[in-house]
Each structure stands twice: as structure tokens, then as C-alpha cells.
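K.L.:
Below is the file query05.pdb, with PDB, C-alpha atoms, pLDDT in the B column.
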MODEL        1
ATOM      1  CA  MET A   1       0.000   0.000   0.000  1.00 68.00           C
ATOM      2  CA  LEU A   2       1.401   3.391  -1.017  1.00 82.00           C
ATOM      3  CA  THR A   3       1.865   6.125   1.584  1.00 87.00           C
ATOM      4  CA  GLU A   4      -0.970   8.194   0.103  1.00 86.00           C
ATOM      5  CA  GLU A   5      -3.306   5.193   0.200  1.00 84.00           C
ATOM      6  CA  ARG A   6      -2.368   4.460   3.823  1.00 89.00           C
ATOM      7  CA  HIS A   7      -3.018   8.040   4.841  1.00 90.00           C
ATOM      8  CA  SER A   8      -6.399   7.985   3.142  1.00 86.00           C
ATOM      9  CA  GLU A   9      -7.367   4.727   4.877  1.00 85.00           C
ATOM     10  CA  ILE A  10      -6.174   5.976   8.275  1.00 88.00           C
ATOM     11  CA  LEU A  11      -8.251   9.136   7.909  1.00 87.00           C
ATOM     12  CA  ARG A  12     -11.294   7.084   6.906  1.00 81.00           C
ATOM     13  CA  ILE A  13     -10.946   4.913  10.007  1.00 80.00           C
ATOM     14  CA  VAL A  14     -10.343   7.844  12.386  1.00 82.00           C
ATOM     15  CA  ASN A  15     -13.206   9.910  10.997  1.00 78.00           C
ATOM     16  CA  LEU A  16     -15.575   6.934  11.069  1.00 70.00           C
ATOM     17  CA  SER A  17     -14.871   5.969  14.662  1.00 66.00           C
ATOM     18  CA  GLY A  18     -13.778   9.241  16.246  1.00 72.00           C
ATOM     19  CA  ALA A  19     -10.611   7.685  17.670  1.00 76.00           C
ATOM     20  CA  VAL A  20      -8.281   4.772  16.973  1.00 81.00           C
ATOM     21  CA  SER A  21      -5.252   3.253  18.659  1.00 83.00           C
ATOM     22  CA  VAL A  22      -1.848   2.624  17.090  1.00 87.00           C
ATOM     23  CA  GLN A  23      -2.181  -1.112  17.740  1.00 82.00           C
ATOM     24  CA  ASP A  24      -5.532  -1.338  15.997  1.00 79.00           C
ATOM     25  CA  LEU A  25      -4.110   0.419  12.937  1.00 85.00           C
ATOM     26  CA  VAL A  26      -1.189  -2.024  12.980  1.00 85.00           C
ATOM     27  CA  ASN A  27      -3.618  -4.959  12.980  1.00 79.00           C
ATOM     28  CA  TYR A  28      -6.023  -3.470  10.456  1.00 78.00           C
ATOM     29  CA  LEU A  29      -3.463  -2.261   7.900  1.00 81.00           C
ATOM     30  CA  ASP A  30      -0.907  -5.030   8.541  1.00 82.00           C
ATOM     31  CA  ILE A  31       1.984  -2.571   8.837  1.00 88.00           C
ATOM     32  CA  SER A  32       4.602  -1.883  11.488  1.00 91.00           C
ATOM     33  CA  GLU A  33       4.011   0.242  14.565  1.00 91.00           C
ATOM     34  CA  SER A  34       6.775   2.640  13.516  1.00 93.00           C
ATOM     35  CA  THR A  35       5.063   3.177  10.136  1.00 93.00           C
ATOM     36  CA  VAL A  36       1.754   3.923  11.848  1.00 93.00           C
ATOM     37  CA  ARG A  37       3.385   6.432  14.177  1.00 92.00           C
ATOM     38  CA  ARG A  38       5.104   8.203  11.265  1.00 93.00           C
ATOM     39  CA  ASP A  39       1.832   8.340   9.343  1.00 93.00           C
ATOM     40  CA  LEU A  40      -0.064   9.754  12.329  1.00 94.00           C
ATOM     41  CA  LEU A  41       2.623  12.388  12.872  1.00 93.00           C
ATOM     42  CA  ALA A  42       2.458  13.418   9.202  1.00 92.00           C
ATOM     43  CA  LEU A  43      -1.354  13.617   9.252  1.00 93.00           C
ATOM     44  CA  ASP A  44      -1.301  15.582  12.500  1.00 90.00           C
ATOM     45  CA  ARG A  45       1.176  18.097  11.039  1.00 90.00           C
ATOM     46  CA  ALA A  46      -1.064  18.385   7.979  1.00 88.00           C
ATOM     47  CA  GLY A  47      -3.984  19.268  10.259  1.00 89.00           C
ATOM     48  CA  GLN A  48      -6.074  16.271   9.229  1.00 89.00           C
ATOM     49  CA  LEU A  49      -6.327  14.541  12.621  1.00 90.00           C
ATOM     50  CA  LYS A  50      -5.140  14.969  16.212  1.00 88.00           C
ATOM     51  CA  ARG A  51      -2.297  12.720  17.342  1.00 90.00           C
ATOM     52  CA  VAL A  52      -2.643  11.607  20.965  1.00 86.00           C
ATOM     53  CA  HIS A  53      -0.773   9.221  23.220  1.00 83.00           C
ATOM     54  CA  GLY A  54      -1.268   5.717  21.838  1.00 83.00           C
ATOM     55  CA  GLY A  55      -3.235   6.717  18.758  1.00 86.00           C
ATOM     56  CA  ALA A  56      -5.218   9.506  17.135  1.00 88.00           C
ATOM     57  CA  THR A  57      -8.603  11.212  17.289  1.00 84.00           C
ATOM     58  CA  ALA A  58     -10.724  12.947  14.677  1.00 83.00           C
ATOM     59  CA  LEU A  59     -10.794  16.719  14.636  1.00 81.00           C
ATOM     60  CA  LYS A  60     -13.642  18.203  16.690  1.00 61.00           C
ATOM     61  CA  ASP A  61     -15.573  19.326  13.625  1.00 51.00           C
ATOM     62  CA  ASN A  62     -15.171  15.944  11.938  1.00 48.00           C
ATOM     63  CA  ASN A  63     -17.140  13.493  14.065  1.00 44.00           C
ATOM     64  CA  SER A  64     -17.919   9.843  13.448  1.00 43.00           C
ATOM     65  CA  TYR A  65     -19.512   9.205  10.056  1.00 43.00           C
ATOM     66  CA  GLU A  66     -22.216   7.076  11.608  1.00 45.00           C
ATOM     67  CA  ALA A  67     -22.850   9.674  14.278  1.00 43.00           C
ATOM     68  CA  ASN A  68     -23.487  12.249  11.555  1.00 42.00           C
ATOM     69  CA  MET A  69     -26.027  10.133   9.706  1.00 40.00           C
ATOM     70  CA  GLU A  70     -29.422  11.744  10.104  1.00 41.00           C
ATOM     71  CA  ASN A  71     -31.374   8.606  10.962  1.00 45.00           C
ATOM     72  CA  LEU A  72     -31.503   4.836  10.733  1.00 45.00           C
ATOM     73  CA  GLN A  73     -32.608   4.937   7.099  1.00 47.00           C
ATOM     74  CA  ASP A  74     -29.240   6.462   6.165  1.00 48.00           C
ATOM     75  CA  LYS A  75     -27.435   3.464   7.684  1.00 51.00           C
ATOM     76  CA  TYR A  76     -29.389   0.809   5.804  1.00 49.00           C
ATOM     77  CA  SER A  77     -27.479   1.273   2.552  1.00 47.00           C
ATOM     78  CA  PHE A  78     -24.143   0.480   4.214  1.00 58.00           C
ATOM     79  CA  HIS A  79     -23.036  -3.189   4.415  1.00 69.00           C
ATOM     80  CA  MET A  80     -26.658  -4.340   4.298  1.00 78.00           C
ATOM     81  CA  MET A  81     -25.916  -7.844   3.002  1.00 83.00           C
ATOM     82  CA  GLU A  82     -23.495  -8.384   5.880  1.00 86.00           C
ATOM     83  CA  LYS A  83     -26.002  -6.993   8.379  1.00 90.00           C
ATOM     84  CA  ARG A  84     -28.717  -9.331   7.127  1.00 90.00           C
ATOM     85  CA  THR A  85     -26.387 -12.346   7.355  1.00 93.00           C
ATOM     86  CA  ILE A  86     -25.370 -11.378  10.886  1.00 95.00           C
ATOM     87  CA  ALA A  87     -28.963 -10.789  11.992  1.00 96.00           C
ATOM     88  CA  GLN A  88     -30.161 -14.105  10.582  1.00 96.00           C
ATOM     89  CA  PHE A  89     -27.494 -16.034  12.485  1.00 97.00           C
ATOM     90  CA  ALA A  90     -28.093 -14.026  15.659  1.00 98.00           C
ATOM     91  CA  ALA A  91     -31.769 -14.979  15.558  1.00 98.00           C
ATOM     92  CA  THR A  92     -30.814 -18.677  15.609  1.00 97.00           C
ATOM     93  CA  GLN A  93     -29.188 -18.177  19.026  1.00 98.00           C
ATOM     94  CA  ILE A  94     -32.591 -17.402  20.575  1.00 98.00           C
ATOM     95  CA  LYS A  95     -34.646 -20.243  22.053  1.00 97.00           C
ATOM     96  CA  ASN A  96     -38.356 -20.151  22.800  1.00 96.00           C
ATOM     97  CA  ASP A  97     -37.808 -19.949  26.559  1.00 97.00           C
ATOM     98  CA  ASP A  98     -35.366 -17.013  26.364  1.00 98.00           C
ATOM     99  CA  PHE A  99     -35.943 -13.561  27.836  1.00 98.00           C
ATOM    100  CA  VAL A 100     -34.121 -11.283  25.400  1.00 98.00           C
ATOM    101  CA  TYR A 101     -32.893  -7.698  25.304  1.00 98.00           C
ATOM    102  CA  LEU A 102     -32.627  -6.161  21.822  1.00 98.00           C
ATOM    103  CA  ASP A 103     -30.602  -2.970  21.542  1.00 97.00           C
ATOM    104  CA  SER A 104     -31.311  -0.220  19.037  1.00 93.00           C
ATOM    105  CA  GLY A 105     -29.324  -0.141  15.798  1.00 88.00           C
ATOM    106  CA  SER A 106     -29.649  -1.001  12.128  1.00 89.00           C
ATOM    107  CA  THR A 107     -28.094  -4.490  12.385  1.00 93.00           C
ATOM    108  CA  VAL A 108     -30.057  -5.582  15.450  1.00 96.00           C
ATOM    109  CA  GLU A 109     -33.231  -4.270  13.833  1.00 94.00           C
ATOM    110  CA  GLN A 110     -32.751  -6.725  10.955  1.00 94.00           C
ATOM    111  CA  MET A 111     -33.277  -9.582  13.436  1.00 96.00           C
ATOM    112  CA  ALA A 112     -37.009  -8.862  13.456  1.00 95.00           C
ATOM    113  CA  ASP A 113     -37.419 -10.476  10.032  1.00 94.00           C
ATOM    114  CA  PHE A 114     -36.017 -13.752  11.370  1.00 96.00           C
ATOM    115  CA  LEU A 115     -38.003 -13.896  14.627  1.00 97.00           C
ATOM    116  CA  VAL A 116     -41.547 -14.081  13.303  1.00 94.00           C
ATOM    117  CA  ASP A 117     -42.175 -17.539  14.798  1.00 91.00           C
ATOM    118  CA  SER A 118     -40.288 -17.014  18.043  1.00 96.00           C
ATOM    119  CA  GLU A 119     -42.014 -17.709  21.352  1.00 96.00           C
ATOM    120  CA  ALA A 120     -39.344 -15.858  23.343  1.00 98.00           C
ATOM    121  CA  ILE A 121     -40.129 -12.632  25.196  1.00 98.00           C
ATOM    122  CA  PHE A 122     -38.356  -9.496  23.980  1.00 98.00           C
ATOM    123  CA  ILE A 123     -37.572  -6.158  25.615  1.00 98.00           C
ATOM    124  CA  THR A 124     -36.177  -3.359  23.460  1.00 98.00           C
ATOM    125  CA  ASN A 125     -35.389   0.351  23.446  1.00 97.00           C
ATOM    126  CA  SER A 126     -35.787   0.538  19.653  1.00 96.00           C
ATOM    127  CA  ILE A 127     -39.074   1.937  18.363  1.00 95.00           C
ATOM    128  CA  PRO A 128     -38.687   0.539  14.790  1.00 93.00           C
ATOM    129  CA  LEU A 129     -37.751  -2.894  16.130  1.00 95.00           C
ATOM    130  CA  ALA A 130     -40.692  -2.956  18.553  1.00 96.00           C
ATOM    131  CA  GLN A 131     -43.035  -2.044  15.704  1.00 95.00           C
ATOM    132  CA  LYS A 132     -41.702  -4.794  13.442  1.00 94.00           C
ATOM    133  CA  LEU A 133     -41.931  -7.452  16.144  1.00 96.00           C
ATOM    134  CA  GLY A 134     -45.370  -6.252  17.184  1.00 94.00           C
ATOM    135  CA  ARG A 135     -46.683  -6.643  13.643  1.00 93.00           C
ATOM    136  CA  SER A 136     -45.384 -10.220  13.681  1.00 91.00           C
ATOM    137  CA  ARG A 137     -47.326 -10.841  16.903  1.00 89.00           C
ATOM    138  CA  VAL A 138     -44.122 -11.617  18.771  1.00 95.00           C
ATOM    139  CA  LYS A 139     -44.177 -10.874  22.513  1.00 97.00           C
ATOM    140  CA  VAL A 140     -42.344  -7.558  22.743  1.00 97.00           C
ATOM    141  CA  HIS A 141     -42.225  -4.761  25.321  1.00 97.00           C
ATOM    142  CA  ILE A 142     -40.676  -1.339  24.787  1.00 97.00           C
ATOM    143  CA  LEU A 143     -38.856   0.473  27.566  1.00 97.00           C
ATOM    144  CA  PRO A 144     -40.057   3.857  28.861  1.00 96.00           C
ATOM    145  CA  GLY A 145     -37.993   7.007  28.515  1.00 96.00           C
ATOM    146  CA  ARG A 146     -37.059   9.812  26.161  1.00 95.00           C
ATOM    147  CA  VAL A 147     -37.084   9.218  22.402  1.00 94.00           C
ATOM    148  CA  LYS A 148     -33.846  10.112  20.656  1.00 89.00           C
ATOM    149  CA  GLY A 149     -34.962  11.307  17.247  1.00 81.00           C
ATOM    150  CA  GLU A 150     -31.777  10.561  15.294  1.00 77.00           C
ATOM    151  CA  THR A 151     -31.723   6.838  16.100  1.00 81.00           C
ATOM    152  CA  GLU A 152     -35.355   6.309  17.187  1.00 89.00           C
ATOM    153  CA  ALA A 153     -34.053   4.808  20.423  1.00 93.00           C
ATOM    154  CA  ILE A 154     -35.359   5.168  23.985  1.00 96.00           C
ATOM    155  CA  VAL A 155     -32.773   6.650  26.368  1.00 95.00           C
ATOM    156  CA  GLY A 156     -32.641   8.338  29.754  1.00 94.00           C
ATOM    157  CA  SER A 157     -32.809   7.596  33.469  1.00 94.00           C
ATOM    158  CA  GLU A 158     -36.335   6.149  33.342  1.00 95.00           C
ATOM    159  CA  MET A 159     -35.191   3.550  30.838  1.00 95.00           C
ATOM    160  CA  ARG A 160     -32.097   2.668  32.902  1.00 94.00           C
ATOM    161  CA  ASP A 161     -34.156   2.316  36.082  1.00 95.00           C
ATOM    162  CA  MET A 162     -36.535  -0.086  34.359  1.00 96.00           C
ATOM    163  CA  LEU A 163     -33.640  -2.121  32.963  1.00 96.00           C
ATOM    164  CA  SER A 164     -32.358  -2.795  36.481  1.00 95.00           C
ATOM    165  CA  ARG A 165     -35.518  -4.824  37.202  1.00 96.00           C
ATOM    166  CA  TYR A 166     -34.904  -7.286  34.382  1.00 97.00           C
ATOM    167  CA  HIS A 167     -32.617 -10.316  34.174  1.00 98.00           C
ATOM    168  CA  PHE A 168     -32.149 -11.291  30.548  1.00 98.00           C
ATOM    169  CA  THR A 169     -30.928 -14.673  29.375  1.00 98.00           C
ATOM    170  CA  LYS A 170     -29.464 -13.045  26.249  1.00 98.00           C
ATOM    171  CA  GLY A 171     -28.849  -9.576  24.865  1.00 98.00           C
ATOM    172  CA  PHE A 172     -28.019  -8.387  21.349  1.00 98.00           C
ATOM    173  CA  PHE A 173     -26.224  -5.079  20.839  1.00 98.00           C
ATOM    174  CA  GLY A 174     -25.085  -2.813  18.045  1.00 95.00           C
ATOM    175  CA  THR A 175     -21.787  -0.920  18.127  1.00 93.00           C
ATOM    176  CA  ASN A 176     -19.992   1.869  16.284  1.00 88.00           C
ATOM    177  CA  GLY A 177     -16.587   0.266  16.698  1.00 88.00           C
ATOM    178  CA  ILE A 178     -14.758  -2.761  18.103  1.00 89.00           C
ATOM    179  CA  SER A 179     -11.190  -2.274  19.266  1.00 86.00           C
ATOM    180  CA  LEU A 180      -8.727  -4.583  21.009  1.00 85.00           C
ATOM    181  CA  LEU A 181      -7.946  -1.956  23.626  1.00 83.00           C
ATOM    182  CA  GLU A 182     -11.185   0.024  23.912  1.00 88.00           C
ATOM    183  CA  GLY A 183     -13.660  -2.820  23.387  1.00 93.00           C
ATOM    184  CA  CYS A 184     -17.157  -1.987  22.103  1.00 95.00           C
ATOM    185  CA  THR A 185     -17.723   1.724  21.695  1.00 92.00           C
ATOM    186  CA  THR A 186     -20.249   4.384  20.723  1.00 90.00           C
ATOM    187  CA  PRO A 187     -19.933   8.154  20.151  1.00 84.00           C
ATOM    188  CA  ASP A 188     -23.036   9.059  22.192  1.00 85.00           C
ATOM    189  CA  ASP A 189     -22.631   9.363  25.974  1.00 88.00           C
ATOM    190  CA  GLU A 190     -26.327   8.872  26.736  1.00 90.00           C
ATOM    191  CA  GLU A 191     -26.623   5.751  24.605  1.00 91.00           C
ATOM    192  CA  ALA A 192     -23.376   4.429  26.079  1.00 93.00           C
ATOM    193  CA  VAL A 193     -24.813   4.610  29.611  1.00 94.00           C
ATOM    194  CA  CYS A 194     -27.981   2.814  28.484  1.00 95.00           C
ATOM    195  CA  LYS A 195     -26.058   0.122  26.627  1.00 97.00           C
ATOM    196  CA  ARG A 196     -23.823  -0.434  29.634  1.00 97.00           C
ATOM    197  CA  ALA A 197     -26.837  -0.761  31.929  1.00 97.00           C
ATOM    198  CA  ALA A 198     -28.359  -3.380  29.612  1.00 98.00           C
ATOM    199  CA  VAL A 199     -25.099  -5.337  29.340  1.00 98.00           C
ATOM    200  CA  ARG A 200     -25.032  -5.707  33.126  1.00 97.00           C
ATOM    201  CA  GLN A 201     -28.492  -7.327  33.085  1.00 98.00           C
ATOM    202  CA  CYS A 202     -27.721  -9.984  30.436  1.00 98.00           C
ATOM    203  CA  SER A 203     -26.350 -13.457  31.176  1.00 98.00           C
ATOM    204  CA  VAL A 204     -24.941 -13.639  27.647  1.00 98.00           C
ATOM    205  CA  CYS A 205     -24.222 -10.607  25.458  1.00 98.00           C
ATOM    206  CA  TYR A 206     -23.805 -10.710  21.690  1.00 98.00           C
ATOM    207  CA  VAL A 207     -22.462  -7.757  19.726  1.00 98.00           C
ATOM    208  CA  LEU A 208     -23.536  -7.645  16.082  1.00 97.00           C
ATOM    209  CA  ALA A 209     -20.969  -5.925  13.881  1.00 92.00           C
ATOM    210  CA  ASP A 210     -20.233  -5.924  10.177  1.00 86.00           C
ATOM    211  CA  SER A 211     -16.564  -6.205   9.232  1.00 80.00           C
ATOM    212  CA  SER A 212     -16.103  -2.430   8.832  1.00 78.00           C
ATOM    213  CA  LYS A 213     -16.486  -1.926  12.597  1.00 84.00           C
ATOM    214  CA  PHE A 214     -13.291  -3.784  13.540  1.00 85.00           C
ATOM    215  CA  GLY A 215     -10.201  -1.819  14.458  1.00 79.00           C
ATOM    216  CA  LEU A 216     -12.293   1.248  15.228  1.00 79.00           C
ATOM    217  CA  ALA A 217     -12.735   2.962  18.584  1.00 80.00           C
ATOM    218  CA  SER A 218     -15.382   5.601  19.110  1.00 81.00           C
ATOM    219  CA  TYR A 219     -15.519   7.953  22.109  1.00 82.00           C
ATOM    220  CA  ILE A 220     -17.100   5.829  24.855  1.00 90.00           C
ATOM    221  CA  THR A 221     -16.733   2.161  25.815  1.00 94.00           C
ATOM    222  CA  PHE A 222     -19.951   0.373  26.803  1.00 97.00           C
ATOM    223  CA  ALA A 223     -18.552  -3.184  27.030  1.00 97.00           C
ATOM    224  CA  SER A 224     -15.146  -4.829  27.133  1.00 96.00           C
ATOM    225  CA  LEU A 225     -14.417  -7.659  24.720  1.00 95.00           C
ATOM    226  CA  SER A 226     -14.362 -10.151  27.587  1.00 95.00           C
ATOM    227  CA  GLU A 227     -18.007  -9.309  28.365  1.00 97.00           C
ATOM    228  CA  VAL A 228     -19.402 -10.113  24.922  1.00 98.00           C
ATOM    229  CA  LYS A 229     -19.521 -12.582  22.065  1.00 97.00           C
ATOM    230  CA  ILE A 230     -19.121 -11.104  18.592  1.00 96.00           C
ATOM    231  CA  ILE A 231     -21.150 -12.058  15.539  1.00 96.00           C
ATOM    232  CA  THR A 232     -19.711 -10.750  12.263  1.00 93.00           C
ATOM    233  CA  ALA A 233     -19.731 -11.545   8.564  1.00 87.00           C
ATOM    234  CA  ALA A 234     -16.273 -12.259   7.177  1.00 66.00           C
ATOM    235  CA  LYS A 235     -16.681 -10.357   3.908  1.00 56.00           C
ATOM    236  CA  THR A 236     -13.291  -8.689   4.320  1.00 47.00           C
ATOM    237  CA  GLU A 237     -11.587 -11.499   6.240  1.00 46.00           C
ATOM    238  CA  GLY A 238      -8.808 -11.578   3.660  1.00 45.00           C
ATOM    239  CA  ASN A 239      -7.920  -7.968   4.458  1.00 49.00           C
ATOM    240  CA  PHE A 240      -8.251  -8.127   8.202  1.00 59.00           C
ATOM    241  CA  ASN A 241      -6.848 -10.276  10.973  1.00 67.00           C
ATOM    242  CA  TYR A 242      -9.613 -11.465  13.323  1.00 74.00           C
ATOM    243  CA  LYS A 243      -7.329 -13.730  15.338  1.00 78.00           C
ATOM    244  CA  PRO A 244      -6.356 -11.125  17.991  1.00 83.00           C
ATOM    245  CA  TYR A 245     -10.056 -10.713  18.819  1.00 88.00           C
ATOM    246  CA  GLN A 246     -10.613 -14.454  19.009  1.00 86.00           C
ATOM    247  CA  LYS A 247      -7.935 -14.657  21.689  1.00 86.00           C
ATOM    248  CA  ILE A 248     -10.008 -12.360  23.918  1.00 92.00           C
ATOM    249  CA  THR A 249     -13.580 -13.396  23.196  1.00 94.00           C
ATOM    250  CA  GLU A 250     -15.737 -15.741  21.117  1.00 94.00           C
ATOM    251  CA  VAL A 251     -16.120 -14.571  17.540  1.00 92.00           C
ATOM    252  CA  TYR A 252     -18.654 -16.077  15.121  1.00 93.00           C
ATOM    253  CA  LEU A 253     -17.288 -15.637  11.594  1.00 89.00           C
ATOM    254  CA  LEU A 254     -20.070 -16.122   9.051  1.00 87.00           C
TER     255      LEU A 254
ENDMDL
END
Can the structure in the file be given as C-alpha cells, please?
P.N.:
Amino acid sequence: MLTEERHSEILRIVNLSGAVSVQDLVNYLDISESTVRRDLLALDRAGQLKRVHGGATALKDNNSYEANMENLQDKYSFHMMEKRTIAQFAATQIKNDDFVYLDSGSTVEQMADFLVDSEAIFITNSIPLAQKLGRSRVKVHILPGRVKGETEAIVGSEMRDMLSRYHFTKGFFGTNGISLLEGCTTPDDEEAVCKRAAVRQCSVCYVLADSSKFGLASYITFASLSEVKIITAAKTEGNFNYKPYQKITEVYLL
């Protein structure tokens, strides 16, 4: 990969996730740590990102690409085949006697199409997901709280208080990035608190992530890798090394 191509890819990753570590860039780009550090220094001097200890962050006026999408509909055109594959497999992990938490997010929402015959009970903070499951006559309850317009998710203290009453057998979560050091991350502080609260109430947590999410770290961690199992489609397996993640947690490569 030429220097110009590396710089372009590094900027794409940093701007998508908000922040990234040197080690994750080493793993993602398959280059040496010294090369990554030189590239980050050059991009920092060019005013294209901010170099920090151990990695780099996006400039303040250049937030995560996903965070800047206006709504869920904007996300559906990105990696949709992977998301559908991931969602279909995730649905097979649910048994009829499960009590399941379904997080908001475009990949988790796809699970609704594969749960039409499920006898499990579902709790969610996603309005679109609750609507889809409700139309399928699946047993679904939506959490109370404030509606976040951009993602159509329920957030806030009322939602977190209600979550503390539940004990889920399984939970399925979306993420903006998955990093070896930072774990599962999101750019929104309010959603991060809600995700974290839900993770604590689940016996088993699955994170659904298409291959573009790996090696990225957004602003706030809501779960460490040791707390979750990862379901991903291996569309770009040839360009990315999943093995470091498999050493930390269970990864389903589809």
C-alpha cells in the first residue's frame, strides 16, 4: 500500500470511529508500529487529525460518520448484506424460553425479520424494532424514557431504572466500533450509559458488527471484549486479521 493510500485509509478509520489506537491500525493495515506512528505524525502536522498518546482522534468538527447520519434509514445502505447475514445467524441463538434484550441499531433491527415464529419474550429500546416485532405478533415490550430522534431509540434515566428490574438470558447489541484496547464503543454518551446498563443485566451478550467496525474505537466504551460474544460476517476477512479478537472473546465468523 502506497503512503498516500495508507493516509487515506487511516483518515477514513479515524473519521468513522472518532478515535483509533496505534495497535488497531497495525492490525487493520498489517503494517509496522513505527510506520503507523510516522503516518499519524504526518497527518497531525497536515492538520487532518489529532495525534494523541497511543493513537489519534478525529478533529472536533469531523465526528464519526455514523454519528453524523441523520437517521436509521441512512445506515441501511451500508453493508446491508453483511447486516442481514449477521442478523439471521443471531436470531438462531434465541430459544423459545429465552428472555431477550434487543438494543437499538440497524443491524439488530434486521433480526425482526427472522423472529416471526419465536415464542421468546423481547424487551427493546428501539421503536422501529418494537413495531416490526409487534406486527409479527411476537411478545415484545418497549422500555419507557425519552425518544432520541436521530436513532429512534429510547434513552434516559427512566429507561435505565426499568432495565435494572430485568434479568435477561441473552442480549443483542449494536456498536460503532470494536477495538482490542477500547472494546465496544459508541460516540453518544447517553446511549453508552444505556447500553452499559443493559449489558449488566444480560447473562450472555452478543455484539452484532459488520466487518467495517473492527479496528475502530469511538468515544465511549460500553462493554469490554471479555463481556461479549461477537457475531460478524467475514466479507473482508482476507484484508483483516480477526485472530487477535478471538484470543479475547468468542467470535462467530459467518
K.L.:
Suppose a student applies the PyMOL selection byres ((chain A and resi 23-36) around 10) to this structure; what residues should they get, written as number ranges by chain?
P.N.:
A: 1, 3, 6-7, 9-10, 13-14, 20-22, 37-42, 54-55, 178-182, 214-217, 239-244
K.L.:
Which polymer residues have any atom within 10 Å of an atom of His167 in chain A, counting all atoms listed in the file, with same-chain residues fewer than 6 positions away left out, as a list in words?
P.N.:
Phe99, Val100, Tyr101, Ala198, Arg200, Gln201, Cys202 and Ser203 of chain A
K.L.:
Save the residues we just selected, C-alpha atoms, as a compact mmCIF listing (two decimals), keeping the file's coordinate frame?
P.N.:
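Result written to selection.txt:
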# COMPACT_ATOMS: atom_id res chain seq x y z
CA PHE A 99 -35.94 -13.56 27.84
CA VAL A 100 -34.12 -11.28 25.40
CA TYR A 101 -32.89 -7.70 25.30
CA ALA A 198 -28.36 -3.38 29.61
CA ARG A 200 -25.03 -5.71 33.13
CA GLN A 201 -28.49 -7.33 33.08
CA CYS A 202 -27.72 -9.98 30.44
CA SER A 203 -26.35 -13.46 31.18
K.L.:
Applying 12 Å and only C-alpha atoms, which residues near Glu158 in chain A remain after dropping the ones on its own chain fewer than 3 positions away? List them as a VMD selection string.
P.N.:
chain A and resid 125 143 to 147 154 to 155 161 to 165 194 197
K.L.:
What separation in Å, quoted to one decimal, exists between CA of Ala112 in chain A and CA of Ile248 in chain A?
P.N.:
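Separation between CA of Ala112 in chain A and CA of Ile248 in chain A: 29.2 Å.
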K.L.:
If you measure from CA of Gly171 in chain A to CA of Lys195 in chain A, what distance in Å do you get, rounded to one decimal?
P.N.:
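Value for the CA of Gly171 in chain A-CA of Lys195 in chain A distance: 10.2 Å.
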K.L.:
Would you mind listing what lies within 8 Å of range 45-48 of chain A as a ChimeraX atom specification, with all atoms listed in the file counted and same-chain residues fewer than 4 positions away left out?
P.N.:
/A:11,41,58-59
K.L.:
Using CA of Ala209 in chain A and CA of Arg84 in chain A as the two end points, give the distance in Å to one decimal.
P.N.:
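These two atoms are separated by 10.8 Å.
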K.L.:
Skip Glu119 in chain A itself and residues of its chain fewer than 2 positions away, then list as a list in words all residues within 9 Å of it, counting all atoms listed in the file.
P.N.:
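Here the qualifying residues turn out to be Lys95, Asn96, Asp97, Asp98, Leu115, Val116, Asp117, Ile121, Val138 and Lys139 of chain A.
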K.L.:
Keeping C-alpha atoms, export the residues of the selection given above as a compact mmCIF listing (two decimals), in the coordinates of the input.
P.N.:
# COMPACT_ATOMS: atom_id res chain seq x y z
CA LYS A 95 -34.65 -20.24 22.05
CA ASN A 96 -38.36 -20.15 22.80
CA ASP A 97 -37.81 -19.95 26.56
CA ASP A 98 -35.37 -17.01 26.36
CA LEU A 115 -38.00 -13.90 14.63
CA VAL A 116 -41.55 -14.08 13.30
CA ASP A 117 -42.18 -17.54 14.80
CA ILE A 121 -40.13 -12.63 25.20
CA VAL A 138 -44.12 -11.62 18.77
CA LYS A 139 -44.18 -10.87 22.51
K.L.:
So, counting all atoms listed in the file, which residue among A:Gln88, A:Thr221, A:Ser106, A:Thr232 is closest to Val199 in chain A?
P.N.:
A:Thr221
K.L.:
What does the PyMOL selection byres ((chain A and resi 229) around 9) select in this file, as number ranges by chain?
P.N.:
A: 204-208, 225-228, 230-231, 249-252
K.L.:
Can you work out which one of A:Gly105, A:Cys184, A:Ser218, A:Asp113 has the shortest atom-to-atom distance to Glu152 in chain A, counting only C-alpha atoms?
P.N.:
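The closest residue to Glu152 in chain A is A:Gly105.
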K.L.:
Which residue, A:Gln93, A:Ser157, A:Ser126, A:Gln131, has the smallest gap to Val193 in chain A when you use only C-alpha atoms?
P.N.:
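For Val193 in chain A, the nearest of the given residues is A:Ser157.
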K.L.:
Taking (-28.0, -13.5, 14.0) in the file's coordinates as the center, which residues reach within 9 Å of it, counting only C-alpha atoms, put as a list in words?
P.N.:
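Protein and nucleic acid residues near the point are Lys83, Arg84, Thr85, Ile86, Ala87, Gln88, Phe89, Ala90, Ala91, Thr92, Gln93, Ile94, Val108, Gln110, Met111, Phe114, Phe172, Leu208, Ile231 and Thr232 of chain A.
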K.L.:
Just write the chosen residues, C-alpha atoms, as a JSON list (two decimals), in the frame of the given file.
P.N.:
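Ended up saving to result.json:
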[["chain", "number", "residue", "atom", "x", "y", "z"],
["A", 83, "LYS", "CA", -26.00, -6.99, 8.38],
["A", 84, "ARG", "CA", -28.72, -9.33, 7.13],
["A", 85, "THR", "CA", -26.39, -12.35, 7.36],
["A", 86, "ILE", "CA", -25.37, -11.38, 10.89],
["A", 87, "ALA", "CA", -28.96, -10.79, 11.99],
["A", 88, "GLN", "CA", -30.16, -14.10, 10.58],
["A", 89, "PHE", "CA", -27.49, -16.03, 12.48],
["A", 90, "ALA", "CA", -28.09, -14.03, 15.66],
["A", 91, "ALA", "CA", -31.77, -14.98, 15.56],
["A", 92, "THR", "CA", -30.81, -18.68, 15.61],
["A", 93, "GLN", "CA", -29.19, -18.18, 19.03],
["A", 94, "ILE", "CA", -32.59, -17.40, 20.58],
["A", 108, "VAL", "CA", -30.06, -5.58, 15.45],
["A", 110, "GLN", "CA", -32.75, -6.72, 10.96],
["A", 111, "MET", "CA", -33.28, -9.58, 13.44],
["A", 114, "PHE", "CA", -36.02, -13.75, 11.37],
["A", 172, "PHE", "CA", -28.02, -8.39, 21.35],
["A", 208, "LEU", "CA", -23.54, -7.64, 16.08],
["A", 231, "ILE", "CA", -21.15, -12.06, 15.54],
["A", 232, "THR", "CA", -19.71, -10.75, 12.26]]
K.L.:
Between A:Lys213, A:Lys148, A:Ala130, A:Gly18, which is the closest to Lys50 in chain A once you count all atoms listed in the file?
P.N.:
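When distances to Lys50 in chain A are compared using all atoms listed in the file, the smallest one comes from A:Gly18.
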